Structure formats: structure tokens, C-alpha cells
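Engineer: Just my_file.cif, nothing more (mmCIF, C-alpha atoms and all ligand atoms):
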data_query
#
loop_
_atom_site.group_PDB
_atom_site.id
_atom_site.type_symbol
_atom_site.label_atom_id
_atom_site.label_comp_id
_atom_site.auth_asym_id
_atom_site.auth_seq_id
_atom_site.Cartn_x
_atom_site.Cartn_y
_atom_site.Cartn_z
ATOM 1 C CA MET A 1 -8.262 -8.290 -18.043
ATOM 2 C CA LEU A 2 -6.189 -5.244 -17.264
ATOM 3 C CA SER A 3 -8.508 -2.264 -17.282
ATOM 4 C CA TYR A 4 -7.425 -0.850 -13.914
ATOM 5 C CA ARG A 5 -5.098 2.166 -14.056
ATOM 6 C CA HIS A 6 -3.911 3.547 -10.752
ATOM 7 C CA SER A 7 -3.468 7.017 -12.259
ATOM 8 C CA PHE A 8 -7.242 7.519 -11.859
ATOM 9 C CA HIS A 9 -6.899 7.055 -8.107
ATOM 10 C CA ALA A 10 -3.426 8.352 -7.234
ATOM 11 C CA GLY A 11 -3.306 10.246 -3.950
ATOM 12 C CA ASN A 12 -6.832 9.326 -2.832
ATOM 13 C CA PHE A 13 -7.616 8.572 0.820
ATOM 14 C CA ALA A 14 -6.798 4.889 0.278
ATOM 15 C CA ASP A 15 -3.312 5.772 -0.988
ATOM 16 C CA VAL A 16 -2.842 8.021 2.039
ATOM 17 C CA LEU A 17 -3.542 5.150 4.443
ATOM 18 C CA LYS A 18 -1.579 2.563 2.439
ATOM 19 C CA HIS A 19 1.492 4.739 1.970
ATOM 20 C CA THR A 20 1.492 5.881 5.602
ATOM 21 C CA VAL A 21 1.558 2.246 6.709
ATOM 22 C CA GLN A 22 4.199 1.444 4.057
ATOM 23 C CA THR A 23 6.542 4.199 5.303
ATOM 24 C CA LEU A 24 6.130 3.170 8.951
ATOM 25 C CA ILE A 25 6.998 -0.457 8.180
ATOM 26 C CA ILE A 26 10.045 0.500 6.099
ATOM 27 C CA GLU A 27 11.214 2.889 8.824
ATOM 28 C CA ALA A 28 10.867 0.058 11.353
ATOM 29 C CA LEU A 29 12.940 -2.277 9.157
ATOM 30 C CA LYS A 30 15.603 0.429 8.888
ATOM 31 C CA GLN A 31 16.029 0.466 12.680
ATOM 32 C CA LYS A 32 18.327 -2.563 12.336
ATOM 33 C CA PRO A 33 21.478 -2.269 10.211
ATOM 34 C CA LYS A 34 20.827 -5.598 8.427
ATOM 35 C CA ALA A 35 19.715 -5.371 4.789
ATOM 36 C CA PHE A 36 16.176 -6.244 3.692
ATOM 37 C CA VAL A 37 14.111 -6.634 0.521
ATOM 38 C CA TYR A 38 11.037 -4.626 -0.420
ATOM 39 C CA TYR A 39 8.622 -6.488 -2.721
ATOM 40 C CA ASP A 40 5.849 -4.576 -4.497
ATOM 41 C CA THR A 41 3.712 -7.231 -6.204
ATOM 42 C CA HIS A 42 1.289 -4.777 -7.877
ATOM 43 C CA ALA A 43 3.605 -1.854 -8.374
ATOM 44 C CA GLY A 44 1.681 0.443 -10.743
ATOM 45 C CA ALA A 45 3.513 3.158 -12.680
ATOM 46 C CA GLY A 46 5.658 4.336 -9.752
ATOM 47 C CA LYS A 47 4.797 8.041 -10.042
ATOM 48 C CA TYR A 48 1.742 10.046 -11.190
ATOM 49 C CA SER A 49 1.083 13.507 -12.557
ATOM 50 C CA LEU A 50 -2.010 14.846 -10.825
ATOM 51 C CA PHE A 51 -2.746 16.998 -13.877
ATOM 52 C CA SER A 52 -2.885 14.083 -16.332
ATOM 53 C CA LYS A 53 -6.214 13.383 -18.023
ATOM 54 C CA TYR A 54 -6.557 10.302 -15.788
ATOM 55 C CA SER A 55 -5.851 11.856 -12.400
ATOM 56 C CA SER A 56 -7.833 14.993 -13.104
ATOM 57 C CA LYS A 57 -10.909 13.044 -14.272
ATOM 58 C CA ASN A 58 -12.312 12.391 -10.788
ATOM 59 C CA ALA A 59 -9.540 14.282 -8.968
ATOM 60 C CA GLU A 60 -9.640 11.721 -6.139
ATOM 61 C CA TYR A 61 -6.500 13.258 -4.607
ATOM 62 C CA LYS A 62 -8.627 16.235 -3.576
ATOM 63 C CA GLU A 63 -10.346 14.009 -0.989
ATOM 64 C CA GLY A 64 -6.987 12.516 -0.009
ATOM 65 C CA ILE A 65 -3.478 13.918 -0.039
ATOM 66 C CA GLU A 66 -4.560 17.460 -0.905
ATOM 67 C CA LYS A 67 -6.452 17.688 2.384
ATOM 68 C CA ILE A 68 -3.483 16.795 4.550
ATOM 69 C CA TRP A 69 -0.152 17.571 2.915
ATOM 70 C CA GLN A 70 0.106 21.132 4.152
ATOM 71 C CA GLN A 71 -1.738 20.832 7.467
ATOM 72 C CA ALA A 72 0.073 22.343 10.414
ATOM 73 C CA ASN A 73 1.310 20.064 13.214
ATOM 74 C CA PRO A 74 0.737 16.596 11.760
ATOM 75 C CA PRO A 75 1.555 13.669 14.048
ATOM 76 C CA GLU A 76 5.232 12.739 14.059
ATOM 77 C CA GLU A 77 4.357 9.237 12.767
ATOM 78 C CA ILE A 78 3.226 10.571 9.369
ATOM 79 C CA SER A 79 6.246 12.826 8.839
ATOM 80 C CA THR A 80 8.261 10.471 6.595
ATOM 81 C CA TYR A 81 5.333 10.101 4.201
ATOM 82 C CA LEU A 82 4.601 13.833 4.118
ATOM 83 C CA THR A 83 8.281 14.642 3.580
ATOM 84 C CA VAL A 84 8.324 12.458 0.445
ATOM 85 C CA ILE A 85 5.275 14.320 -0.890
ATOM 86 C CA LYS A 86 6.742 17.748 -0.088
ATOM 87 C CA GLU A 87 10.116 16.924 -1.656
ATOM 88 C CA LEU A 88 8.354 15.862 -4.854
ATOM 89 C CA ASN A 89 6.338 19.080 -4.888
ATOM 90 C CA PRO A 90 8.831 21.756 -3.846
ATOM 91 C CA ASP A 91 6.846 24.633 -5.374
ATOM 92 C CA ASP A 92 4.045 24.426 -2.831
ATOM 93 C CA LYS A 93 1.753 23.171 -5.561
ATOM 94 C CA LEU A 94 0.569 19.562 -5.504
ATOM 95 C CA ALA A 95 1.413 18.308 -8.995
ATOM 96 C CA THR A 96 3.014 14.879 -8.572
ATOM 97 C CA TYR A 97 2.076 11.919 -6.400
ATOM 98 C CA PRO A 98 4.519 9.079 -5.675
ATOM 99 C CA GLY A 99 3.404 5.503 -6.103
ATOM 100 C CA SER A 100 4.532 2.902 -3.584
ATOM 101 C CA PRO A 101 7.707 2.053 -5.617
ATOM 102 C CA LEU A 102 8.935 5.642 -5.561
ATOM 103 C CA ILE A 103 8.168 6.001 -1.853
ATOM 104 C CA ALA A 104 10.178 2.851 -1.121
ATOM 105 C CA HIS A 105 13.056 4.012 -3.303
ATOM 106 C CA LYS A 106 13.136 7.459 -1.667
ATOM 107 C CA ILE A 107 13.311 6.197 1.902
ATOM 108 C CA MET A 108 15.397 3.033 1.522
ATOM 109 C CA SER A 109 19.176 2.927 1.243
ATOM 110 C CA LYS A 110 20.990 1.341 -1.712
ATOM 111 C CA GLN A 111 22.045 -1.733 0.256
ATOM 112 C CA ASN A 112 18.395 -2.851 0.280
ATOM 113 C CA ARG A 113 16.776 -4.513 -2.725
ATOM 114 C CA LEU A 114 13.636 -3.483 -4.561
ATOM 115 C CA GLU A 115 11.563 -6.127 -6.358
ATOM 116 C CA PHE A 116 8.737 -4.641 -8.428
ATOM 117 C CA SER A 117 6.205 -6.525 -10.560
ATOM 118 C CA GLU A 118 3.552 -4.968 -12.761
ATOM 119 C CA LEU A 119 1.480 -6.624 -15.475
ATOM 120 C CA HIS A 120 0.046 -3.664 -17.377
ATOM 121 C CA PRO A 121 2.332 -2.941 -20.366
ATOM 122 C CA THR A 122 2.022 0.855 -20.134
ATOM 123 C CA ASP A 123 2.594 1.035 -16.390
ATOM 124 C CA TYR A 124 5.371 -1.554 -16.590
ATOM 125 C CA ALA A 125 7.168 0.603 -19.209
ATOM 126 C CA LEU A 126 6.854 3.697 -16.986
ATOM 127 C CA LEU A 127 8.129 1.750 -13.998
ATOM 128 C CA ASP A 128 11.056 0.387 -15.947
ATOM 129 C CA GLN A 129 11.914 3.851 -17.251
ATOM 130 C CA GLU A 130 11.950 5.256 -13.712
ATOM 131 C CA PHE A 131 13.763 2.452 -11.880
ATOM 132 C CA GLY A 132 15.244 0.082 -14.490
ATOM 133 C CA HIS A 133 18.672 1.737 -14.268
ATOM 134 C CA LEU A 134 19.036 1.098 -10.525
ATOM 135 C CA ARG A 135 21.369 -1.720 -9.534
ATOM 136 C CA SER A 136 19.307 -2.308 -6.418
ATOM 137 C CA ALA A 137 16.058 -2.793 -8.363
ATOM 138 C CA ASN A 138 14.533 -5.624 -10.385
ATOM 139 C CA ILE A 139 11.465 -4.727 -12.475
ATOM 140 C CA ALA A 140 9.414 -7.656 -13.753
ATOM 141 C CA GLN A 141 6.486 -7.672 -16.142
ATOM 142 C CA ASN A 142 5.117 -10.710 -14.421
ATOM 143 C CA ASP A 143 2.268 -11.824 -12.201
ATOM 144 C CA GLY A 144 3.053 -10.277 -8.814
ATOM 145 C CA TYR A 145 2.313 -13.395 -6.777
ATOM 146 C CA LYS A 146 4.389 -15.654 -9.025
ATOM 147 C CA HIS A 147 7.254 -13.208 -8.919
ATOM 148 C CA LEU A 148 7.087 -12.843 -5.147
ATOM 149 C CA LYS A 149 7.068 -16.596 -4.553
ATOM 150 C CA SER A 150 9.974 -17.105 -6.955
ATOM 151 C CA LYS A 151 12.069 -14.737 -4.807
ATOM 152 C CA LEU A 152 11.255 -16.184 -1.372
ATOM 153 C CA PRO A 153 12.853 -16.538 1.046
ATOM 154 C CA PRO A 154 15.253 -13.629 0.530
ATOM 155 C CA ILE A 155 18.885 -14.344 1.381
ATOM 156 C CA GLN A 156 18.759 -11.361 3.728
ATOM 157 C CA ARG A 157 15.945 -13.145 5.659
ATOM 158 C CA ARG A 158 14.248 -9.781 6.192
ATOM 159 C CA GLY A 159 11.630 -8.217 4.006
ATOM 160 C CA LEU A 160 8.325 -6.493 3.405
ATOM 161 C CA ALA A 161 5.875 -7.466 0.669
ATOM 162 C CA LEU A 162 3.265 -4.846 -0.216
ATOM 163 C CA ILE A 163 0.332 -6.611 -1.874
ATOM 164 C CA ASP A 164 -1.901 -4.060 -3.568
ATOM 165 C CA PRO A 165 -4.219 -5.708 -6.113
ATOM 166 C CA PRO A 166 -6.947 -3.786 -7.956
ATOM 167 C CA TYR A 167 -9.759 -6.195 -6.845
ATOM 168 C CA GLU A 168 -11.391 -5.867 -10.261
ATOM 169 C CA LEU A 169 -12.319 -9.525 -10.418
ATOM 170 C CA LYS A 170 -14.525 -11.397 -7.961
ATOM 171 C CA ASP A 171 -11.858 -14.033 -7.389
ATOM 172 C CA GLU A 172 -9.170 -11.572 -6.392
ATOM 173 C CA TYR A 173 -9.931 -11.818 -2.670
ATOM 174 C CA ASN A 174 -9.495 -15.600 -2.824
ATOM 175 C CA ASP A 175 -6.324 -15.192 -4.908
ATOM 176 C CA VAL A 176 -4.819 -12.997 -2.214
ATOM 177 C CA ILE A 177 -5.519 -15.523 0.544
ATOM 178 C CA LYS A 178 -4.260 -18.481 -1.487
ATOM 179 C CA ASN A 179 -1.055 -16.742 -2.557
ATOM 180 C CA ILE A 180 -0.304 -15.239 0.844
ATOM 181 C CA LYS A 181 -0.614 -18.654 2.465
ATOM 182 C CA GLN A 182 1.850 -20.051 -0.088
ATOM 183 C CA ALA A 183 4.253 -17.112 0.289
ATOM 184 C CA HIS A 184 4.065 -17.361 4.088
ATOM 185 C CA LYS A 185 5.076 -21.036 3.908
ATOM 186 C CA LEU A 186 8.207 -19.996 2.005
ATOM 187 C CA PHE A 187 9.036 -17.036 4.256
ATOM 188 C CA ALA A 188 7.149 -17.160 7.538
ATOM 189 C CA THR A 189 9.015 -14.300 9.220
ATOM 190 C CA GLY A 190 8.433 -11.796 6.424
ATOM 191 C CA ILE A 191 6.138 -8.807 6.787
ATOM 192 C CA TYR A 192 3.148 -8.878 4.429
ATOM 193 C CA ALA A 193 1.035 -5.724 4.090
ATOM 194 C CA ILE A 194 -2.146 -6.387 2.136
ATOM 195 C CA TRP A 195 -4.339 -3.493 1.022
ATOM 196 C CA TYR A 196 -8.132 -3.787 0.660
ATOM 197 C CA PRO A 197 -10.969 -1.423 -0.281
ATOM 198 C CA VAL A 198 -14.188 -1.147 1.720
ATOM 199 C CA VAL A 199 -16.816 -1.307 -0.997
ATOM 200 C CA SER A 200 -18.957 -4.124 0.366
ATOM 201 C CA ARG A 201 -18.785 -4.662 4.150
ATOM 202 C CA HIS A 202 -19.799 -8.264 3.626
ATOM 203 C CA HIS A 203 -16.790 -8.961 1.361
ATOM 204 C CA VAL A 204 -14.392 -7.206 3.721
ATOM 205 C CA GLU A 205 -15.500 -9.163 6.787
ATOM 206 C CA ARG A 206 -15.337 -12.442 4.871
ATOM 207 C CA PHE A 207 -11.835 -11.533 3.651
ATOM 208 C CA CYS A 208 -10.624 -10.693 7.179
ATOM 209 C CA ASN A 209 -12.195 -13.885 8.538
ATOM 210 C CA GLN A 210 -10.286 -15.880 5.937
ATOM 211 C CA PHE A 211 -7.082 -14.392 7.352
ATOM 212 C CA LYS A 212 -8.244 -15.196 10.900
ATOM 213 C CA ASN A 213 -8.762 -18.809 9.885
ATOM 214 C CA SER A 214 -5.643 -19.096 7.713
ATOM 215 C CA GLY A 215 -3.441 -20.621 10.403
ATOM 216 C CA ILE A 216 -1.064 -17.653 10.061
ATOM 217 C CA LYS A 217 -0.163 -15.980 13.348
ATOM 218 C CA ASN A 218 0.371 -12.337 14.309
ATOM 219 C CA ILE A 219 -2.028 -10.413 12.074
ATOM 220 C CA LEU A 220 -2.996 -6.764 12.537
ATOM 221 C CA ARG A 221 -5.929 -5.068 10.822
ATOM 222 C CA ILE A 222 -6.043 -1.324 10.255
ATOM 223 C CA GLU A 223 -9.042 0.416 8.718
ATOM 224 C CA LEU A 224 -10.092 3.960 7.887
ATOM 225 C CA ASN A 225 -13.713 4.487 6.879
ATOM 226 C CA VAL A 226 -14.265 8.036 5.629
ATOM 227 C CA LYS A 227 -18.035 7.597 5.506
ATOM 228 C CA GLU A 228 -20.836 5.227 6.416
ATOM 229 C CA ASP A 229 -20.782 1.724 4.871
ATOM 230 C CA SER A 230 -22.855 1.525 1.712
ATOM 231 C CA ASN A 231 -23.294 -0.959 -1.092
ATOM 232 C CA GLU A 232 -24.060 1.789 -3.604
ATOM 233 C CA ASP A 233 -21.552 4.477 -2.864
ATOM 234 C CA GLY A 234 -18.268 3.056 -4.208
ATOM 235 C CA MET A 235 -15.313 2.925 -1.839
ATOM 236 C CA THR A 236 -16.336 4.235 1.588
ATOM 237 C CA GLY A 237 -13.227 3.089 3.409
ATOM 238 C CA THR A 238 -9.924 1.310 3.102
ATOM 239 C CA GLY A 239 -7.857 -1.073 5.152
ATOM 240 C CA MET A 240 -4.675 -3.057 5.483
ATOM 241 C CA VAL A 241 -4.076 -6.545 6.840
ATOM 242 C CA ILE A 242 -0.527 -6.814 8.137
ATOM 243 C CA ILE A 243 1.168 -10.102 8.924
ATOM 244 C CA ASN A 244 4.110 -9.847 11.354
ATOM 245 C CA PRO A 245 3.686 -6.090 11.865
ATOM 246 C CA PRO A 246 6.576 -4.205 13.477
ATOM 247 C CA TRP A 247 5.861 -4.092 17.211
ATOM 248 C CA LYS A 248 5.195 -0.353 17.306
ATOM 249 C CA LEU A 249 2.901 -0.165 14.269
ATOM 250 C CA ALA A 250 -0.438 -0.541 16.089
ATOM 251 C CA GLN A 251 0.550 2.132 18.589
ATOM 252 C CA GLN A 252 1.782 4.461 15.812
ATOM 253 C CA MET A 253 -1.456 4.058 13.857
ATOM 254 C CA GLN A 254 -3.430 4.873 17.020
ATOM 255 C CA GLN A 255 -1.676 8.253 16.894
ATOM 256 C CA VAL A 256 -2.115 8.851 13.147
ATOM 257 C CA LEU A 257 -5.657 7.612 12.514
ATOM 258 C CA PRO A 258 -7.573 10.183 14.628
ATOM 259 C CA TRP A 259 -5.723 12.932 12.737
ATOM 260 C CA LEU A 260 -6.415 11.320 9.341
ATOM 261 C CA LEU A 261 -10.051 10.868 10.320
ATOM 262 C CA GLU A 262 -10.359 14.508 11.318
ATOM 263 C CA HIS A 263 -9.096 15.688 7.929
ATOM 264 C CA LEU A 264 -10.455 13.019 5.600
ATOM 265 C CA GLN A 265 -13.896 12.206 6.988
ATOM 266 C CA GLN A 266 -16.808 12.745 4.625
ATOM 267 C CA ASP A 267 -19.671 12.183 7.075
ATOM 268 C CA LYS A 268 -20.330 11.738 10.794
ATOM 269 C CA GLN A 269 -20.257 7.924 10.615
ATOM 270 C CA ALA A 270 -16.562 7.983 9.637
ATOM 271 C CA ASN A 271 -14.436 5.796 11.922
ATOM 272 C CA TYR A 272 -11.213 3.849 12.199
ATOM 273 C CA LYS A 273 -9.986 0.647 13.762
ATOM 274 C CA VAL A 274 -6.706 -0.925 14.776
ATOM 275 C CA GLU A 275 -7.216 -4.526 15.773
ATOM 276 C CA GLN A 276 -4.911 -7.483 16.351
ATOM 277 C CA ILE A 277 -7.037 -10.128 14.613
ATOM 278 C CA VAL A 278 -4.636 -13.042 15.241
ATOM 279 C CA LYS A 279 -2.279 -13.183 18.215
ATOM 280 C CA GLU A 280 1.497 -13.696 17.923
HETATM 281 C C1 LIG A 301 -3.659 -0.494 -6.970
HETATM 282 S S1 LIG A 301 -2.562 -0.509 -8.323
HETATM 283 C C2 LIG A 301 -0.990 -0.421 -7.591
HETATM 284 C C3 LIG A 301 -0.616 0.861 -6.950
HETATM 285 C C4 LIG A 301 0.725 0.903 -6.293
HETATM 286 N N1 LIG A 301 0.970 -0.259 -5.443
HETATM 287 C C5 LIG A 301 0.877 2.163 -5.447
HETATM 288 O O1 LIG A 301 0.521 2.131 -4.258
HETATM 289 O O2 LIG A 301 1.345 3.158 -5.976
HETATM 290 C C6 LIG A 301 -2.646 -2.176 -8.863
HETATM 291 C C7 LIG A 301 -1.718 -2.497 -10.036
HETATM 292 O O3 LIG A 301 -1.662 -3.916 -10.174
HETATM 293 C C8 LIG A 301 -1.496 -4.243 -11.546
HETATM 294 N N2 LIG A 301 -1.836 -5.675 -11.650
HETATM 295 C C9 LIG A 301 -3.051 -6.260 -11.745
HETATM 296 N N3 LIG A 301 -2.950 -7.602 -11.652
HETATM 297 C C10 LIG A 301 -1.625 -7.866 -11.465
HETATM 298 C C11 LIG A 301 -0.873 -9.063 -11.271
HETATM 299 N N4 LIG A 301 -1.468 -10.261 -11.226
HETATM 300 N N5 LIG A 301 0.459 -8.960 -11.107
HETATM 301 C C12 LIG A 301 1.085 -7.759 -11.146
HETATM 302 N N6 LIG A 301 0.433 -6.584 -11.333
HETATM 303 C C13 LIG A 301 -0.908 -6.650 -11.483
HETATM 304 C C14 LIG A 301 -2.410 -3.263 -12.239
HETATM 305 O O4 LIG A 301 -2.032 -3.094 -13.591
HETATM 306 C C15 LIG A 301 -2.201 -1.986 -11.390
HETATM 307 O O5 LIG A 301 -1.205 -1.170 -11.943
#
Let's see the structure in the file written out as C-alpha cells.
Ligand SMILES: C[S@@+](CC[C@H](N)C(=O)[O-])C[C@H]1O[C@@H](n2cnc3c(N)ncnc32)[C@H](O)[C@@H]1O

Structural biologist:
Amino acid sequence: MLSYRHSFHAGNFADVLKHTVQTLIIEALKQKPKAFVYYDTHAGAGKYSLFSKYSSKNAEYKEGIEKIWQQANPPEEISTYLTVIKELNPDDKLATYPGSPLIAHKIMSKQNRLEFSELHPTDYALLDQEFGHLRSANIAQNDGYKHLKSKLPPIQRRGLALIDPPYELKDEYNDVIKNIKQAHKLFATGIYAIWYPVVSRHHVERFCNQFKNSGIKNILRIELNVKEDSNEDGMTGTGMVIINPPWKLAQQMQQVLPWLLEHLQQDKQANYKVEQIVKE
């Protein structure tokens, strides 16, 4: 079943958190001159028009990127992400939002490889059109987990895998855990950044506990809840589980999250957390 289209959600508060974390990890990898690979297992279309019939339907970006992109004095840690957004929208009007593949492409140098997988035929075609000509990129219309595992470990021995499933199916949480454990066996020193929505607090805590009990070491959890938990109110928050996070990431997110909370909160119960859930 492939009913999910990211264009409905592009630029929402969950994208803001995910793409901020993504840019900070890539910037950390760039600190060393050695090449690395960026894997995007659920790549989406790569780029979104915010005026398309999809994006404008619920206009989720209005509760996300639109609230922050032109704020004065943002924290230094979010500057790479905001620069990508501003360069894509040079006319001072927010019209285009980059997906994770475009963000990676914009901030990585050509010596580093891009591995994108996307199952949806329409989004795959858009992705291929945008990046297929790049020598540094491989675009696969394949299951993201299968593709990732087939490419591990990278010869460069350095890499980040962004795992960003739609969580449409009940089993998707278990699929993430199972596949991450397998990928981690193949490439234990890689960085894995797994996105999750906060729709049901119960599911989220179970998911994070599965990571705690996975046997994998060095796991950071980052969460931004823009309103009170609710089982009836759709997505009230968003988080990332990061395996082998760069050493400064927790500290950087402690700087960024209060600012994001200030601008993105939707009620007084809004909160954030940065927690090392498994030690190194
Ligand atoms: C949340 S969106 C990705 C957004 C993108 N990572 C970004 O941040 O711009 C999830 C994508 O995963 C795709 N998808 C779903 N199941 C997949 C699978 N098993 N393998 C690869 N792609 C899949 C969907 O078609 C959808 O485009």
C-alpha cells in the first residue's frame, strides 16, 4: 500500500525537526576530510512546491517552516538548514520546500555519495529527474531497508542513514527495529537517524523501549512536542532516535530546541527532550 505522499506534509514542524537534525549530522561528518555516504531509505520526491494542490490542502508548512524561516537571530546551530531554505526561496516568498535528498545534495560535496531509495512510482520519477544525472548519486526504486542493507558497509566506512518511513501500517514500527538491528550488524559504526511521529504516546514509548533493549549502544533521543499528548488530535509531536550521534549533537539540540519550541508551540503543554537512552 502506497497511499502516503509527503507533499501533503512538506515543511511541517516534523520536517523542521528532522531536517535540522539531518543538517547537523552532515555538518559533523564534514568536519573530517574523509568521504562518507548519505543513505536516504525513504527519500520522497526530493523537493516540493508549497503551492501544489497537495501542499496547499492542509498547508502544514504554515505551522512549521513558515513560522521560523525569517525570524531574526536564530541560533547558530540551525543556520545551515535555514540557509538551504532561503537559497531555494530567494524572492522572500516561501514557495518551495526541500526534501531530505535535496538538503543532503546542497550541503554535501561531490566526493561524498548519495544513495536514495523510494518506492512510490510518482515520487521515484521526480527524484530520478532531479538527481538521476549526478555521478555521485544512485536512485533506486526499491524497498529502502533492502537497498540500505545491500550497500553496507560502505567502502568509505563512514556514513549516515536517514530512516524516514510513513508509519502508515501498524507493523512499520517493528519493521524499523528489525531492519535497523540487521543494518547495525553490517555497519556498527554508522550513524542511523530514525524519524518518528508522536501520535500515540503508548506506541512511541514502546518503540523507544525496543531501541533501549536492542543491544545497540550509544542511542540519543530527541523530541519536540508542539502540544499536549492526545490520542485524537493527530500528530502532536515528533522525534528522532539517533544511533552513534556526533558528539556535539545533544548539546547543539539543547540550543536549538528552546527556540523551536518558542516559535512552533501550539499550546502551553508543548515541550522538548534530549535524552541519551543508551550509553556509549
Ligand atoms: C516521510 S516520506 C519521506 C520524506 C523525505 N525523507 C524527506 O524528509 O523529505 C516517506 C516516503 O517513503 C516512501 N516509502 C514507503 N515505504 C517505503 C519503502 N519500504 N521503501 C522506500 N520508500 C518507501 C513513501 O512513498 C514516501 O515517499

Engineer: How far is it from atom O3 of ligand LIG 301 (chain A) to CA of Tyr173 in chain A, in Å with one decimal?

Structural biologist: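 If I compute the distance from atom O3 of ligand LIG 301 (chain A) to CA of Tyr173 in chain A, I get 13.7 Å.
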
Engineer: Throw together the list of residues within 6 Å of ligand LIG 301 (chain A), counting only C-alpha atoms and all ligand atoms, and drop it here as a PyMOL selection string.

Structural biologist: chain A and resi 2+4-6+41-44+46+99-100+117-120+142-144+164-166

Engineer: Could you please determine the separation between CA of Ile78 in chain A and CA of Val21 in chain A in Å, to one decimal place?

Structural biologist: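 Result for CA of Ile78 in chain A versus CA of Val21 in chain A: 8.9 Å, one decimal.
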
Engineer: Apply the PyMOL selection byres (((chain A and resi 15) around 9) and not hetatm) to the file shown and report the selected residues as JSON, numbers by chain.

Structural biologist: {"A": [9, 10, 11, 12, 13, 14, 16, 17, 18, 19, 20, 61, 64, 65, 99, 100, 238]}

Engineer: Could you spell out the hits of the PyMOL selection byres (((chain A and resi 79-83) around 7) and not hetatm) on the shown file, as a list in words?

Structural biologist: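 For this structure, the PyMOL selection byres (((chain A and resi 79-83) around 7) and not hetatm) captures His19, Thr20, Thr23, Trp69, Glu76, Glu77, Ile78, Val84, Ile85, Lys86 and Glu87 of chain A.
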
Engineer: Kindly compute an axis-aligned box around the listed atoms of range 14-17 of chain A, allowing 6 Å on each side, and express its centre and edge lengths in Å to one decimal as lines of an AutoDock Vina configuration file.

Structural biologist:
center_x = -4.8
center_y = 6.5
center_z = 1.7
size_x = 16.0
size_y = 15.1
size_z = 17.4

Engineer: Find the residue from A:Met108, A:Phe8, A:Leu29, A:Leu24 that sits nearest to Asn58 in chain A; use only C-alpha atoms when measuring.

Structural biologist: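 Between A:Met108, A:Phe8, A:Leu29, A:Leu24, the residue approaching Asn58 in chain A most closely is A:Phe8.
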
Engineer: Which residue gives the smallest distance to Val278 in chain A among A:Asn225, A:Gln129, A:Asn174, A:Asn244, with all atoms listed in the file counted?

Structural biologist: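 Checking each of A:Asn225, A:Gln129, A:Asn174, A:Asn244 against Val278 in chain A, counting all atoms listed in the file, the winner is A:Asn244.
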
Engineer: From the set A:Glu63, A:Asp123, A:Asp40, A:Glu205, which residue has the shortest atom-to-atom contact distance to Ala137 in chain A, counting only C-alpha atoms?

Structural biologist: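 Closest candidate: A:Asp40.
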
Engineer: Return the single residue from A:Glu275, A:Asp233, A:Asp91, A:Asp175 that is closest to Ile219 in chain A, with distances computed using all atoms listed in the file.

Structural biologist: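 Checking each of A:Glu275, A:Asp233, A:Asp91, A:Asp175 against Ile219 in chain A, counting all atoms listed in the file, the winner is A:Glu275.
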
Engineer: As a ChimeraX atom specification, please: the residues near Ser49 in chain A (cut-off 10 Å, only C-alpha atoms, same-chain neighbours under 6 positions excluded).

Structural biologist: /A:7,10,55-56,94-98
